[in-house]
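Working notes for the structure below.
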Amino acid sequence: MKIVVLDGYTENPGDLSWDALKEFGELVVYDRTPVDNDEEIISRIGDAEVVYTNKTPINKHVIDTCKNMKMISLLATGYNVVDYQYAKKKGIPVTNVPTYGTASVGQFAMALLLEICHHIGHHNETVHEGKWQNHEDWCYWDYPLIELDNKTMGIIGFGKIGQTTGKLAKAMGMHVLAYDSYPNETGKAIAEYVSLDELLEKSDVIALHCPLFPETEGIINKENIAKMKDGVIILNNARGPLVVEQDLADALNSGKVYAAGLDVVSTEPIKGDNPLLKAKNCIITPHISWAPKESRQRIMDCAYENLKAYVEGNPQNVVNK
């Protein structure tokens with residue numbers, strides 16, 4: 001069996017090992033594959049039976065041309081880069097990694113919030129630049145410092161990741177509201193389920209942890225922002241298109257939204273004309289909530305288990321059954 005990894009670098013920049021996959025056959029790993037070049041993608045897949053991809057698209061043309069391809073496995077949870085419905089018609093299972101970054105993504109959401117509350121990075125830089133040693137007072141702060149105790153966090157999307165963020169917020173003394181299409185008992189132990197409008201109106205902090213569906217695309221828009229408290233904080237380390245970026249930038253610049261902490265944007269890598277790059281009080285990180293080594297090892301482990309299950313004739317984590 002020939003196995004090809006099309007874009008392995010972000011999953012494994014060298015601190016993990018692909019060797020477990022070699023148990024099943026010949027393995028070829030490419031760090032990166034051009035995402036807009038079907039012919040290069042086809043060339044690299046060649047006669048491989050199993051193909052792993054993270055963000056490299058596998059469309060109908062690629063599927064039709066690579067006739068030996070028998071399984072497509074995502075090194076991620078999202079699978080929209082694969083024409084999975086057409087793959088189903090061709091009898092090709094498409095598998096994903098359903099749960100791997102719950103702890104790290106929840107942790108990162110709180111890291112964004114704490115950075116907004118304290119601007120630790122900024123104050124550290126000023127100390128190293130000499131501001132403290134030359135200051136006339138024994139301490140200083142360049143931004144308002146915010147205490148979270150007794151404030152309200154509203155979480156849109158209260159699955160495993162949303163609930164993890166909710167637990168962390170609750171541990172810091174925050175009240176937690178949740179909006180989700182499928183309330184459950186586990187969630188009720190953490191948060192109060194409310195309507196979207198109530199969440200928007202009552203929250204001091206709003207965190208996005210929902211999937212990107214037609215009904216959630218652009219859920220942070222000027223109409224919904226108008227329903228929020230003045231000075232609200234918005235966090236998004238779920239999916240970039242959940243936010244109408246110009247509307248959020250306008251709200252940040254007007255002060256309606258005090259600050260935003262974002263790990264995702266609508267187009268990645270970010271484009272230089274993204275209005276959020278010049279917005280006030282907007283922290284942007286390069287889509288790294290998922291990337292701690294522990295989290296990436298879980299992806300690697302699941303990638304192995306998905307292939308093992310396929311070889312044994314019982315594919316698991318199939319998204320196009």
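As shown in the structure tokens, the chain order sets the letters A, B, ...; within each chain, residues go from 1, and ligands are also counted from 1 in the order they appear.
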Next on the checklist: Neighbouring residues of stretch 45-59 of chain A were defined as those with any atom within 8 Å, considering only C-alpha atoms; residues of the same chain fewer than 4 positions away were excluded. Please report them as a list in words.
Outcome noted: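 With the cut-off at 8 Å, the set is Met1, Lys2, Ile3, Val4, Val5, Leu6, Asp7, Gly8, Thr33, Pro34, Val35, Ile41, Ile63, Cys66, Lys67, Asn68, Met69, Lys70, Met71, Ile72, Ser73, Leu74, Leu75, Ala76, Val81, Val82 and Asp83 of chain A.
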Checklist entry - Could you write out, as an MDAnalysis selection string, all the residues of stretch 146-210 of chain A that DSSP marks as helix (DSSP H, G or I)? => result chainID A and resid 160:171 185:188 196:202
Item to check | Residue neighbourhood A:Cys210, 12 Å, only C-alpha atoms, exclusion window fewer than 4 positions, as a PyMOL selection string | outcome: chain A and resi 155-163+178-182+206+214-220+235-243
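The space separating atom CA of A:Val62 from atom CA of A:Ile299 comes to 24.5 Å.
Interatomic distance, atom CA of A:Val318 against atom CA of A:Tyr84: 9.9 Å.
Near A:Trp141, within a cut-off of 12 Å and counting only C-alpha atoms, sit the residues Cys117, His118, His119, Ile120, His122, His123, Asn124, Thr126, Val127, Lys131, Trp132, His135, Asp137, Trp138, Cys139, Tyr143, Pro144, Leu145 and Ile146 of chain A, with same-chain residues fewer than 2 positions away left out.
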Next on the checklist: Can you pull out the residues contacting stretch 248-255 of chain A? Cut-off 7 Å, using only C-alpha atoms, and skip same-chain residues under 4 positions away; I want them as a ChimeraX atom specification.
Outcome noted: /A:221,231,244,259,275-276,279-281
Keeping only all heavy atoms, write the selected residues to a file as a PDB file, in the first residue's frame.
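Full text of part06.pdb as output:
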ATOM      1  N   ASN A 221     -22.434  40.411  13.424  1.00  0.00           N
ATOM      2  CA  ASN A 221     -22.666  41.419  12.395  1.00  0.00           C
ATOM      3  C   ASN A 221     -23.175  42.694  13.061  1.00  0.00           C
ATOM      4  O   ASN A 221     -23.398  42.723  14.278  1.00  0.00           O
ATOM      5  CB  ASN A 221     -23.658  40.901  11.351  1.00  0.00           C
ATOM      6  CG  ASN A 221     -24.960  40.423  11.985  1.00  0.00           C
ATOM      7  OD1 ASN A 221     -25.572  41.129  12.791  1.00  0.00           O
ATOM      8  ND2 ASN A 221     -25.389  39.207  11.636  1.00  0.00           N
ATOM      9  N   GLY A 231     -19.030  48.244  25.214  1.00  0.00           N
ATOM     10  CA  GLY A 231     -17.792  47.802  25.842  1.00  0.00           C
ATOM     11  C   GLY A 231     -17.642  46.297  25.939  1.00  0.00           C
ATOM     12  O   GLY A 231     -16.780  45.808  26.675  1.00  0.00           O
ATOM     13  N   VAL A 244     -18.542  39.086  10.520  1.00  0.00           N
ATOM     14  CA  VAL A 244     -18.478  40.053   9.420  1.00  0.00           C
ATOM     15  C   VAL A 244     -17.387  41.044   9.808  1.00  0.00           C
ATOM     16  O   VAL A 244     -17.579  41.893  10.679  1.00  0.00           O
ATOM     17  CB  VAL A 244     -19.831  40.761   9.200  1.00  0.00           C
ATOM     18  CG1 VAL A 244     -19.719  41.777   8.066  1.00  0.00           C
ATOM     19  CG2 VAL A 244     -20.919  39.743   8.900  1.00  0.00           C
ATOM     20  N   ALA A 259     -12.913  45.308  22.878  1.00  0.00           N
ATOM     21  CA  ALA A 259     -11.745  44.590  22.364  1.00  0.00           C
ATOM     22  C   ALA A 259     -12.208  43.280  21.745  1.00  0.00           C
ATOM     23  O   ALA A 259     -13.285  42.766  22.041  1.00  0.00           O
ATOM     24  CB  ALA A 259     -10.737  44.325  23.484  1.00  0.00           C
ATOM     25  N   PRO A 275      -9.706  44.487   7.378  1.00  0.00           N
ATOM     26  CA  PRO A 275      -9.936  45.696   8.191  1.00  0.00           C
ATOM     27  C   PRO A 275      -9.604  45.514   9.660  1.00  0.00           C
ATOM     28  O   PRO A 275      -9.359  46.503  10.370  1.00  0.00           O
ATOM     29  CB  PRO A 275     -11.436  45.965   7.998  1.00  0.00           C
ATOM     30  CG  PRO A 275     -12.028  44.650   7.593  1.00  0.00           C
ATOM     31  CD  PRO A 275     -10.957  43.975   6.784  1.00  0.00           C
ATOM     32  N   LEU A 276      -9.545  44.288  10.137  1.00  0.00           N
ATOM     33  CA  LEU A 276      -9.241  44.052  11.549  1.00  0.00           C
ATOM     34  C   LEU A 276      -7.783  44.331  11.884  1.00  0.00           C
ATOM     35  O   LEU A 276      -7.445  44.558  13.048  1.00  0.00           O
ATOM     36  CB  LEU A 276      -9.614  42.625  11.930  1.00  0.00           C
ATOM     37  CG  LEU A 276     -11.125  42.325  11.897  1.00  0.00           C
ATOM     38  CD1 LEU A 276     -11.390  40.835  11.990  1.00  0.00           C
ATOM     39  CD2 LEU A 276     -11.853  43.066  13.018  1.00  0.00           C
ATOM     40  N   ALA A 279      -7.857  47.790  13.187  1.00  0.00           N
ATOM     41  CA  ALA A 279      -8.890  48.118  14.163  1.00  0.00           C
ATOM     42  C   ALA A 279      -8.284  48.311  15.549  1.00  0.00           C
ATOM     43  O   ALA A 279      -7.251  47.723  15.889  1.00  0.00           O
ATOM     44  CB  ALA A 279      -9.945  47.019  14.193  1.00  0.00           C
ATOM     45  N   LYS A 280      -8.935  49.114  16.368  1.00  0.00           N
ATOM     46  CA  LYS A 280      -8.474  49.349  17.735  1.00  0.00           C
ATOM     47  C   LYS A 280      -8.674  48.096  18.594  1.00  0.00           C
ATOM     48  O   LYS A 280      -9.655  47.381  18.439  1.00  0.00           O
ATOM     49  CB  LYS A 280      -9.261  50.505  18.354  1.00  0.00           C
ATOM     50  CG  LYS A 280      -9.042  51.854  17.697  1.00  0.00           C
ATOM     51  CD  LYS A 280      -9.904  52.910  18.377  1.00  0.00           C
ATOM     52  CE  LYS A 280      -9.734  54.273  17.732  1.00  0.00           C
ATOM     53  NZ  LYS A 280     -10.623  55.297  18.365  1.00  0.00           N
ATOM     54  N   ASN A 281      -7.739  47.887  19.514  1.00  0.00           N
ATOM     55  CA  ASN A 281      -7.889  46.842  20.546  1.00  0.00           C
ATOM     56  C   ASN A 281      -8.261  45.484  19.958  1.00  0.00           C
ATOM     57  O   ASN A 281      -9.153  44.795  20.477  1.00  0.00           O
ATOM     58  CB  ASN A 281      -8.929  47.264  21.588  1.00  0.00           C
ATOM     59  CG  ASN A 281      -8.469  48.430  22.436  1.00  0.00           C
ATOM     60  OD1 ASN A 281      -7.280  48.730  22.499  1.00  0.00           O
ATOM     61  ND2 ASN A 281      -9.408  49.088  23.076  1.00  0.00           N
TER      62      ASN A 281
END
